[in-house]
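Participant: Could you have a look at this structure, given as structure tokens, before my questions?
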Protein chains: 2
Amino acid sequence: MKKILNKPEDFVDEMIEGILHAYPNKISALNGDKRVIVNKTKKENKVGIVTAGGSGHLPVFLGYVGDGMLDGCAVGNVFASPSANKMYEMIKACDFGKGVLCLYGNYGGDKLNFEMAMSMAEMDGIQVKEIRVMDDIASSPLTAKDKRRGVAGMVFAYKIAGAAAVKGYDLEKLISVTKRALDNMRTMGIALSPCIVPEVGKPTFSINEDEMEIGMGIHGEVGIEVSKIKTSAEVAKMIFDKIATELSFSSGDEVSVMINGLGATPLEELFIIYRDLFNILSGLGVKAVSPHIGEFATSMEMAGLSITIMKLDDELKTLLLHDANTPFYTNANKK
Amino acid sequence: MKKILNKPEDFVDEMIEGILHAYPNKISALNGDKRVIVNKTKKENKVGIVTAGGSGHLPVFLGYVGDGMLDGCAVGNVFASPSANKMYEMIKACDFGKGVLCLYGNYGGDKLNFEMAMSMAEMDGIQVKEIRVMDDIASSPLTAKDKRRGVAGMVFAYKIAGAAAVKGYDLEKLISVTKRALDNMRTMGIALSPCIVPEVGKPTFSINEDEMEIGMGIHGEVGIEVSKIKTSAEVAKMIFDKIATELSFSSGDEVSVMINGLGATPLEELFIIYRDLFNILSGLGVKAVSPHIGEFATSMEMAGLSITIMKLDDELKTLLLHDANTPFYTNANKK
């Protein structure tokens, strides 16, 4: 197993220790529990925004805890949901009197545990709501949209909701704008190579040397099809065309694009495909603003990338460009 | 070849086009030449800081052109130096009347071309000096230090020199502090897998599945030895011990650490090894400030990492923490 680590069973805790050592002024472990990370600058009088999920996707999830994004994140083992109890402790710690939004990816374990945690929090009198992110257009047809998985679009959702909270939105209005952002956003990805769960020690699946998997999930969930490796321009067009079946694009529209490397993809390739997508958008008169290009939601050493397109209106654009500063996200270069 | 690109011969130009589309307010192509990237916010009355080098190492080199770091970068083909003419055009464009520092990695082609370009610029009456970065401790013994390669430590050098320029240092004082930073800095890396030059189409070298290459260069230059894969704690100790043969560390010292992923290494692993190095430093009473953890100087899809340690004094620390904002570097999260 070609990994730099110590004991595989310590992978998650040691990774979190490294992050806490690196950003001691920004984040902390809730009551010393490394599996619940909270923003160190406690924000009063705002809606709390929390998430949770398995490890192996840095910067997702805990990397977005910080000013202008998330207040807390419960951290599971690799590809595994954290427990309902951890989520409950987090929700309590992130209730500043205006309610808490649980904003997370649409996966069975996370949903089960979050809903249990929310019931516990409600018994304490905390106002708590949830939004599950389902941006992966390849994971289920539109007719069964609520089965879709949440992938890199989660980061845009954290950004929009986080900014709305800082700007003083109440819970209802915050939920409304976050849902609108999600309605205006789709993601699709391709994978060139698998990843290795440390405690398993072997690849999650296999792809032939000359092939790519289209629409694969960030845990290696099966995609739409396996094809010969396409060019960057072909991949950009294929993903854009698929997204355009559900989102309409007209001249004068503004969008923000996320080109997300899955872990092992060279930065050079992310910028080549951004060029190809930019050309498609420009050809339609669509303006690309605030591009997000890099690693936002990964699968350890998986090679491949995803493209997220979010259509903007004035309010969404303002929230996207609002200041944020977390250990793994600053929008200094995205304005 | 598992890459997302179009024609291999267009790899560099299309990558640069993508970067220019992404950051139109920050950088531009000098007189429309994509192979010479300059800061869009022209700075008057400061020393100009320029670099150059081959492609395939993003964010090195062009990613550091911007406020607080580089004024210009000439961009070569993958792993190949740009021409002396491009460097000369860049030096002229980045002369703001206080002289120009050419700050680049110690590679034969870059040295040859930069020295030719500097001669041409001097004939125009431009005051121009050079510093070659030689931070890779594994690439040559101390007795032949001027044969050492420049690797990730270049980024620290850009940061120090760039901040000194913005703060109004004259060329002589700027060279002095940049040299002191380099004297106080060493880097060493390990590689787990090779990379593929697009126009070649096959791996630059091979490593067995259970082995790692210690001290390898960022173009695949041979290292010190091939060993069985070590644990993160062992790698951290091995690299620290090697660096400590040339830099002394005492209780109360402050250092900044760069944990640099070579391209395909999961972020999780970079934080695990930061934890292990942090523990070594803490055990000695050495304080780690402003850690830089992520991808700073890569080799496309090479797996592996390098560790750079820079000892700080008050002046170096002030310069390191001074504001910088380039397409691939902001120190918002490093303060």
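Each chain in the structure tokens gets a letter, A, B and so on, in the order shown; residues start at 1 in every chain, and ligands are counted from 1 in the order they appear.
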Can you pull out the residues contacting Gly97 (chain B)? Cut-off 12 Å, using only C-alpha atoms, and skip same-chain residues under 5 positions away; I want them as a PDB file with N, CA and C atoms, in the first residue's frame.
Facilitator:
```
ATOM      1  N   LYS B  43       3.848  47.395  -9.957  1.00  0.00           N
ATOM      2  CA  LYS B  43       4.357  48.051  -8.754  1.00  0.00           C
ATOM      3  C   LYS B  43       5.490  48.999  -9.122  1.00  0.00           C
ATOM      4  N   GLU B  44       5.312  50.259  -8.828  1.00  0.00           N
ATOM      5  CA  GLU B  44       6.385  51.222  -9.070  1.00  0.00           C
ATOM      6  C   GLU B  44       7.282  51.298  -7.841  1.00  0.00           C
ATOM      7  N   ASN B  45       8.488  51.776  -8.074  1.00  0.00           N
ATOM      8  CA  ASN B  45       9.392  52.083  -6.976  1.00  0.00           C
ATOM      9  C   ASN B  45       9.643  50.922  -6.030  1.00  0.00           C
ATOM     10  N   LYS B  46       9.911  49.782  -6.591  1.00  0.00           N
ATOM     11  CA  LYS B  46      10.337  48.626  -5.801  1.00  0.00           C
ATOM     12  C   LYS B  46      11.278  47.784  -6.653  1.00  0.00           C
ATOM     13  N   VAL B  47      12.036  46.950  -5.990  1.00  0.00           N
ATOM     14  CA  VAL B  47      12.849  45.976  -6.709  1.00  0.00           C
ATOM     15  C   VAL B  47      11.909  44.993  -7.411  1.00  0.00           C
ATOM     16  N   GLY B  48      12.193  44.676  -8.652  1.00  0.00           N
ATOM     17  CA  GLY B  48      11.428  43.651  -9.360  1.00  0.00           C
ATOM     18  C   GLY B  48      11.954  42.266  -9.021  1.00  0.00           C
ATOM     19  N   ILE B  91      12.551  40.590 -17.731  1.00  0.00           N
ATOM     20  CA  ILE B  91      13.370  41.450 -16.863  1.00  0.00           C
ATOM     21  C   ILE B  91      13.101  42.921 -17.193  1.00  0.00           C
ATOM     22  N   LYS B  92      13.044  43.238 -18.496  1.00  0.00           N
ATOM     23  CA  LYS B  92      12.761  44.629 -18.882  1.00  0.00           C
ATOM     24  C   LYS B  92      11.410  45.084 -18.346  1.00  0.00           C
ATOM     25  N   GLY B 125      21.255  48.888 -19.416  1.00  0.00           N
ATOM     26  CA  GLY B 125      21.416  49.741 -18.244  1.00  0.00           C
ATOM     27  C   GLY B 125      20.567  49.329 -17.054  1.00  0.00           C
ATOM     28  N   ILE B 126      20.004  48.122 -17.127  1.00  0.00           N
ATOM     29  CA  ILE B 126      19.190  47.643 -15.999  1.00  0.00           C
ATOM     30  C   ILE B 126      20.109  46.980 -14.970  1.00  0.00           C
ATOM     31  N   GLN B 127      19.894  47.341 -13.694  1.00  0.00           N
ATOM     32  CA  GLN B 127      20.660  46.700 -12.626  1.00  0.00           C
ATOM     33  C   GLN B 127      19.997  45.354 -12.316  1.00  0.00           C
ATOM     34  N   VAL B 128      20.700  44.270 -12.539  1.00  0.00           N
ATOM     35  CA  VAL B 128      20.057  42.963 -12.385  1.00  0.00           C
ATOM     36  C   VAL B 128      21.014  41.988 -11.689  1.00  0.00           C
ATOM     37  N   ASP B 170      16.078  48.011  -0.623  1.00  0.00           N
ATOM     38  CA  ASP B 170      16.833  48.173  -1.866  1.00  0.00           C
ATOM     39  C   ASP B 170      17.427  46.826  -2.264  1.00  0.00           C
ATOM     40  N   LEU B 171      17.971  46.765  -3.480  1.00  0.00           N
ATOM     41  CA  LEU B 171      18.394  45.483  -4.041  1.00  0.00           C
ATOM     42  C   LEU B 171      19.436  44.783  -3.165  1.00  0.00           C
TER      43      LEU B 171
END
```
Participant: Sort by chain and increasing residue number a table of all residues of chain A within 8 Å of chain B, each with its closest pair of atoms and their distance in Å to one decimal, counting only C-alpha atoms, and write it as CSV.
Facilitator:
```
residue,atom,partner,partner_atom,distance
A:Met1,CA,B:Asp210,CA,7.0
A:Lys2,CA,B:Leu192,CA,6.6
A:Lys3,CA,B:Glu269,CA,7.4
A:Ile4,CA,B:Ser232,CA,5.1
A:Leu5,CA,B:Ser232,CA,4.6
A:Asn6,CA,B:Thr231,CA,5.0
A:Phe11,CA,B:Ile272,CA,7.5
A:Glu14,CA,B:Ile272,CA,5.4
A:Met15,CA,B:Ile272,CA,4.6
A:Ile16,CA,B:Phe271,CA,7.6
A:Glu17,CA,B:Arg275,CA,6.2
A:Gly18,CA,B:Arg275,CA,4.2
A:Ile19,CA,B:Phe271,CA,6.1
A:His21,CA,B:Arg275,CA,7.0
A:Ala22,CA,B:Pro291,CA,6.2
A:Tyr23,CA,B:Asn333,CA,7.8
A:Gly56,CA,B:Glu268,CA,7.1
A:Leu58,CA,B:Leu267,CA,6.3
A:Pro59,CA,B:Leu267,CA,7.8
A:Leu192,CA,B:Lys2,CA,6.6
A:Glu209,CA,B:Lys2,CA,6.9
A:Asp210,CA,B:Lys2,CA,7.0
A:Ile229,CA,B:Lys2,CA,7.5
A:Lys230,CA,B:Ile4,CA,7.4
A:Thr231,CA,B:Asn6,CA,5.0
A:Ser232,CA,B:Leu5,CA,4.6
A:Ala233,CA,B:Asn6,CA,6.7
A:Gly263,CA,B:Pro266,CA,5.8
A:Ala264,CA,B:Ala264,CA,3.6
A:Thr265,CA,B:Glu301,CA,6.3
A:Pro266,CA,B:Met300,CA,4.6
A:Leu267,CA,B:Leu58,CA,6.3
A:Glu268,CA,B:Met15,CA,5.7
A:Glu269,CA,B:Ile4,CA,5.8
A:Phe271,CA,B:Gly18,CA,4.7
A:Ile272,CA,B:Met15,CA,4.6
A:Ile273,CA,B:Leu5,CA,7.4
A:Tyr274,CA,B:Gly18,CA,5.6
A:Arg275,CA,B:Gly18,CA,4.2
A:Asp276,CA,B:Gly18,CA,7.9
A:Phe278,CA,B:His21,CA,7.5
A:Ser290,CA,B:Ala22,CA,7.8
A:Pro291,CA,B:Ala22,CA,6.2
A:Met300,CA,B:Pro266,CA,4.6
A:Glu301,CA,B:Pro266,CA,5.5
A:Ala303,CA,B:Ala264,CA,7.9
A:Asn325,CA,B:Ala332,CA,7.3
A:Thr326,CA,B:Asn333,CA,7.2
A:Pro327,CA,B:Asn333,CA,5.8
A:Phe328,CA,B:Asn333,CA,7.7
A:Thr330,CA,B:Ala332,CA,7.2
A:Ala332,CA,B:Thr330,CA,7.2
A:Asn333,CA,B:Pro327,CA,5.9
```
Participant: Which residues are close to Gly53 (chain B), i.e. within 7 Å by only C-alpha atoms, leaving aside same-chain residues fewer than 4 positions away? Reply as a CSV table (one decimal) with N, CA and C atoms, in the first residue's frame.
Facilitator:
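Writing done, so here's part-v9.csv:
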```csv
chain,number,residue,atom,x,y,z
B,61,PHE,N,5.9,27.5,-11.5
B,61,PHE,CA,6.5,28.8,-11.0
B,61,PHE,C,5.5,29.9,-11.1
B,74,ALA,N,8.8,33.6,-16.6
B,74,ALA,CA,8.9,33.0,-17.9
B,74,ALA,C,8.7,31.5,-17.8
B,75,VAL,N,7.9,31.0,-18.7
B,75,VAL,CA,7.4,29.6,-18.6
B,75,VAL,C,7.9,28.8,-19.7
B,76,GLY,N,8.6,27.7,-19.4
B,76,GLY,CA,9.1,26.8,-20.4
B,76,GLY,C,8.2,25.6,-20.6
B,80,ALA,N,11.5,22.0,-19.0
B,80,ALA,CA,12.5,22.6,-19.9
B,80,ALA,C,12.5,24.1,-19.6
B,81,SER,N,13.7,24.6,-19.7
B,81,SER,CA,13.9,26.1,-19.4
B,81,SER,C,13.3,26.9,-20.5
B,82,PRO,N,12.7,28.0,-20.2
B,82,PRO,CA,12.3,29.0,-21.3
B,82,PRO,C,13.6,29.6,-21.9
B,110,ASP,N,18.3,26.7,-16.9
B,110,ASP,CA,17.8,28.0,-16.4
B,110,ASP,C,19.0,28.9,-16.1
```
Participant: For the strand (DSSP E) assignment from backbone DSSP, which residues of region 224-279 of chain A qualify? Please present them as an NGL selection string.
Facilitator: :A and (225-228 or 254-261)
Participant: Can you spit out the residues from that selection as a compact mmCIF listing (two decimals), in the first residue's frame, using C-alpha atoms?
Facilitator:
```txt
# COMPACT_ATOMS: atom_id res chain seq x y z
CA GLU A 225 -20.45 4.04 -17.97
CA VAL A 226 -16.86 3.04 -18.54
CA SER A 227 -15.34 4.54 -21.67
CA LYS A 228 -12.00 4.94 -23.38
CA GLU A 254 -23.42 34.32 -14.72
CA VAL A 255 -22.13 31.06 -13.29
CA SER A 256 -19.44 29.92 -10.90
CA VAL A 257 -17.55 26.80 -11.87
CA MET A 258 -15.77 24.40 -9.54
CA ILE A 259 -13.13 22.17 -11.11
CA ASN A 260 -12.41 19.73 -8.33
CA GLY A 261 -9.45 17.37 -8.38
```
Participant: Write out as a PyMOL selection string the residues lying within 7 Å of region 246-253 of chain A, counting only C-alpha atoms and excluding same-chain residues fewer than 6 positions away.
Facilitator: chain A and resi 184+284-287
Participant: Extract, using only C-alpha atoms, all DNA, RNA and protein residues at most 9 Å from Thr178 (chain A), discarding same-chain residues fewer than 5 positions from it, and format them as a PyMOL selection string.
Facilitator: chain A and resi 131+157-158+160-161+164+173+183+316
Participant: Taking C-alpha atoms for each residue, export the selection above as a PDB file, in the first residue's frame.
Facilitator:
```pdb
ATOM      1  CA  ILE A 131     -30.706  20.232   4.043  1.00  0.00           C
ATOM      2  CA  ALA A 157     -23.602  25.090  -0.289  1.00  0.00           C
ATOM      3  CA  TYR A 158     -21.404  25.627   2.798  1.00  0.00           C
ATOM      4  CA  ILE A 160     -23.711  30.236   0.535  1.00  0.00           C
ATOM      5  CA  ALA A 161     -25.238  29.145   3.851  1.00  0.00           C
ATOM      6  CA  ALA A 164     -26.009  34.054   4.817  1.00  0.00           C
ATOM      7  CA  LYS A 173     -34.540  32.746   4.911  1.00  0.00           C
ATOM      8  CA  ASP A 183     -31.513  23.988  -7.267  1.00  0.00           C
ATOM      9  CA  LEU A 316     -26.140  34.157  -4.631  1.00  0.00           C
TER      10      LEU A 316
END
```
Participant: Please return as an MDAnalysis selection string: the residues of region 143-313 of chain A that backbone DSSP assigns to helix (DSSP H, G or I).
Facilitator: chainID A and resid 143:147 153:166 171:183 232:244 267:283
Participant: Please produce a file of the residues just selected, as a PDB file, in the first residue's frame, where the atoms kept are C-alpha atoms.
Facilitator:
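What ended up in again11.pdb:
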```
ATOM      1  CA  THR A 143     -37.245  11.387 -11.506  1.00  0.00           C
ATOM      2  CA  ALA A 144     -35.527   9.990  -8.395  1.00  0.00           C
ATOM      3  CA  LYS A 145     -33.637  13.136  -7.472  1.00  0.00           C
ATOM      4  CA  ASP A 146     -33.785  12.449  -3.748  1.00  0.00           C
ATOM      5  CA  LYS A 147     -31.535   9.430  -4.254  1.00  0.00           C
ATOM      6  CA  GLY A 153     -21.372  21.037  -4.639  1.00  0.00           C
ATOM      7  CA  MET A 154     -21.469  20.736  -0.849  1.00  0.00           C
ATOM      8  CA  VAL A 155     -18.643  23.263  -0.731  1.00  0.00           C
ATOM      9  CA  PHE A 156     -20.681  25.846  -2.631  1.00  0.00           C
ATOM     10  CA  ALA A 157     -23.602  25.090  -0.289  1.00  0.00           C
ATOM     11  CA  TYR A 158     -21.404  25.627   2.798  1.00  0.00           C
ATOM     12  CA  LYS A 159     -20.224  28.915   1.295  1.00  0.00           C
ATOM     13  CA  ILE A 160     -23.711  30.236   0.535  1.00  0.00           C
ATOM     14  CA  ALA A 161     -25.238  29.145   3.851  1.00  0.00           C
ATOM     15  CA  GLY A 162     -22.204  30.276   5.835  1.00  0.00           C
ATOM     16  CA  ALA A 163     -22.258  33.745   4.318  1.00  0.00           C
ATOM     17  CA  ALA A 164     -26.009  34.054   4.817  1.00  0.00           C
ATOM     18  CA  ALA A 165     -25.576  33.183   8.492  1.00  0.00           C
ATOM     19  CA  VAL A 166     -22.842  35.775   8.986  1.00  0.00           C
ATOM     20  CA  LEU A 171     -33.114  30.187   9.686  1.00  0.00           C
ATOM     21  CA  GLU A 172     -36.061  30.227   7.311  1.00  0.00           C
ATOM     22  CA  LYS A 173     -34.540  32.746   4.911  1.00  0.00           C
ATOM     23  CA  LEU A 174     -31.164  30.981   5.103  1.00  0.00           C
ATOM     24  CA  ILE A 175     -32.736  27.644   4.194  1.00  0.00           C
ATOM     25  CA  SER A 176     -34.553  29.266   1.306  1.00  0.00           C
ATOM     26  CA  VAL A 177     -31.444  30.775  -0.266  1.00  0.00           C
ATOM     27  CA  THR A 178     -29.363  27.626   0.284  1.00  0.00           C
ATOM     28  CA  LYS A 179     -32.034  25.516  -1.408  1.00  0.00           C
ATOM     29  CA  ARG A 180     -32.104  27.943  -4.312  1.00  0.00           C
ATOM     30  CA  ALA A 181     -28.335  27.639  -4.663  1.00  0.00           C
ATOM     31  CA  LEU A 182     -28.680  23.851  -4.729  1.00  0.00           C
ATOM     32  CA  ASP A 183     -31.513  23.988  -7.267  1.00  0.00           C
ATOM     33  CA  SER A 232     -10.237  17.294 -21.893  1.00  0.00           C
ATOM     34  CA  ALA A 233     -12.439  19.099 -24.428  1.00  0.00           C
ATOM     35  CA  GLU A 234     -14.615  15.994 -24.792  1.00  0.00           C
ATOM     36  CA  VAL A 235     -14.963  15.559 -21.035  1.00  0.00           C
ATOM     37  CA  ALA A 236     -15.851  19.235 -20.591  1.00  0.00           C
ATOM     38  CA  LYS A 237     -18.487  19.029 -23.328  1.00  0.00           C
ATOM     39  CA  MET A 238     -19.924  15.756 -22.063  1.00  0.00           C
ATOM     40  CA  ILE A 239     -20.328  17.057 -18.516  1.00  0.00           C
ATOM     41  CA  PHE A 240     -21.624  20.445 -19.643  1.00  0.00           C
ATOM     42  CA  ASP A 241     -24.193  18.806 -21.955  1.00  0.00           C
ATOM     43  CA  LYS A 242     -25.391  16.549 -19.148  1.00  0.00           C
ATOM     44  CA  ILE A 243     -25.737  19.459 -16.734  1.00  0.00           C
ATOM     45  CA  ALA A 244     -27.493  21.511 -19.433  1.00  0.00           C
ATOM     46  CA  LEU A 267      -3.243  20.901 -11.161  1.00  0.00           C
ATOM     47  CA  GLU A 268      -2.219  21.434 -14.782  1.00  0.00           C
ATOM     48  CA  GLU A 269      -5.037  19.169 -15.968  1.00  0.00           C
ATOM     49  CA  LEU A 270      -7.621  21.018 -13.875  1.00  0.00           C
ATOM     50  CA  PHE A 271      -6.683  24.265 -15.608  1.00  0.00           C
ATOM     51  CA  ILE A 272      -6.747  22.665 -19.065  1.00  0.00           C
ATOM     52  CA  ILE A 273     -10.302  21.476 -18.529  1.00  0.00           C
ATOM     53  CA  TYR A 274     -11.264  24.840 -17.050  1.00  0.00           C
ATOM     54  CA  ARG A 275     -10.034  26.395 -20.308  1.00  0.00           C
ATOM     55  CA  ASP A 276     -12.213  24.007 -22.313  1.00  0.00           C
ATOM     56  CA  LEU A 277     -15.290  24.638 -20.183  1.00  0.00           C
ATOM     57  CA  PHE A 278     -14.658  28.398 -20.241  1.00  0.00           C
ATOM     58  CA  ASN A 279     -14.647  28.256 -24.044  1.00  0.00           C
ATOM     59  CA  ILE A 280     -17.999  26.424 -24.085  1.00  0.00           C
ATOM     60  CA  LEU A 281     -19.539  28.960 -21.700  1.00  0.00           C
ATOM     61  CA  SER A 282     -18.082  31.944 -23.550  1.00  0.00           C
ATOM     62  CA  GLY A 283     -19.482  30.568 -26.799  1.00  0.00           C
TER      63      GLY A 283
END
```
Participant: I'd like the contact shell of Tyr104 (chain A) - 7 Å cut-off, only C-alpha atoms, skipping same-chain residues fewer than 6 positions apart - returned as a PyMOL selection string.
Facilitator: chain A and resi 51-52+131-133
Participant: Using only C-alpha atoms, can you tell me which of A:His219, A:Lys111, A:Glu9, A:Ile137 comes closest to Pro203 (chain A)?
Facilitator: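 Smallest distance to Pro203 (chain A) is found for A:His219.
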Participant: In Å, how far is it from CA of Asp323 (chain B) to CA of Lys167 (chain B)?
Facilitator: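 These two atoms are separated by 10.5 Å.
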Participant: So which residues touch Met185 (chain A) within 7 Å, counting only C-alpha atoms, skipping near sequence neighbours fewer than 3 positions away, as a compact mmCIF listing (two decimals) with all heavy atoms, in the first residue's frame?
Facilitator:
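Contents of result_1.txt, as written:
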```txt
# COMPACT_ATOMS: atom_id res chain seq x y z
N ASP A 135 -26.17 16.99 -5.30
CA ASP A 135 -25.77 17.67 -6.53
C ASP A 135 -25.25 16.75 -7.63
O ASP A 135 -25.07 17.17 -8.77
CB ASP A 135 -24.70 18.73 -6.22
CG ASP A 135 -23.46 18.15 -5.53
OD1 ASP A 135 -23.64 17.35 -4.59
OD2 ASP A 135 -22.34 18.50 -5.92
N ALA A 181 -29.68 27.91 -4.14
CA ALA A 181 -28.33 27.64 -4.66
C ALA A 181 -28.23 26.20 -5.15
O ALA A 181 -27.72 25.92 -6.23
CB ALA A 181 -27.28 27.92 -3.58
N LEU A 182 -28.76 25.27 -4.35
CA LEU A 182 -28.68 23.85 -4.73
C LEU A 182 -29.54 23.54 -5.95
O LEU A 182 -29.15 22.73 -6.81
CB LEU A 182 -29.07 22.97 -3.54
CG LEU A 182 -28.05 22.99 -2.39
CD1 LEU A 182 -28.63 22.38 -1.12
CD2 LEU A 182 -26.76 22.25 -2.80
N THR A 308 -18.55 21.24 -11.17
CA THR A 308 -19.80 21.75 -10.62
C THR A 308 -20.07 23.09 -11.30
O THR A 308 -19.16 23.91 -11.42
CB THR A 308 -19.69 21.97 -9.10
OG1 THR A 308 -19.29 20.76 -8.48
CG2 THR A 308 -21.03 22.43 -8.51
N ILE A 309 -21.30 23.28 -11.73
CA ILE A 309 -21.69 24.59 -12.25
C ILE A 309 -22.85 25.10 -11.41
O ILE A 309 -23.84 24.39 -11.20
CB ILE A 309 -22.11 24.54 -13.74
CG1 ILE A 309 -20.98 23.93 -14.59
CG2 ILE A 309 -22.46 25.94 -14.25
CD1 ILE A 309 -21.32 23.82 -16.08
N MET A 310 -22.70 26.31 -10.89
CA MET A 310 -23.78 26.95 -10.12
C MET A 310 -24.18 28.23 -10.84
O MET A 310 -23.35 29.12 -11.06
CB MET A 310 -23.30 27.28 -8.70
CG MET A 310 -24.35 28.04 -7.88
SD MET A 310 -24.01 28.12 -6.10
CE MET A 310 -22.45 28.97 -6.04
N LYS A 311 -25.45 28.31 -11.23
CA LYS A 311 -25.95 29.55 -11.82
C LYS A 311 -26.15 30.57 -10.71
O LYS A 311 -26.65 30.25 -9.63
CB LYS A 311 -27.28 29.30 -12.54
CG LYS A 311 -27.13 28.52 -13.83
CD LYS A 311 -28.48 28.28 -14.49
CE LYS A 311 -29.09 29.59 -15.02
NZ LYS A 311 -30.37 29.29 -15.74
```
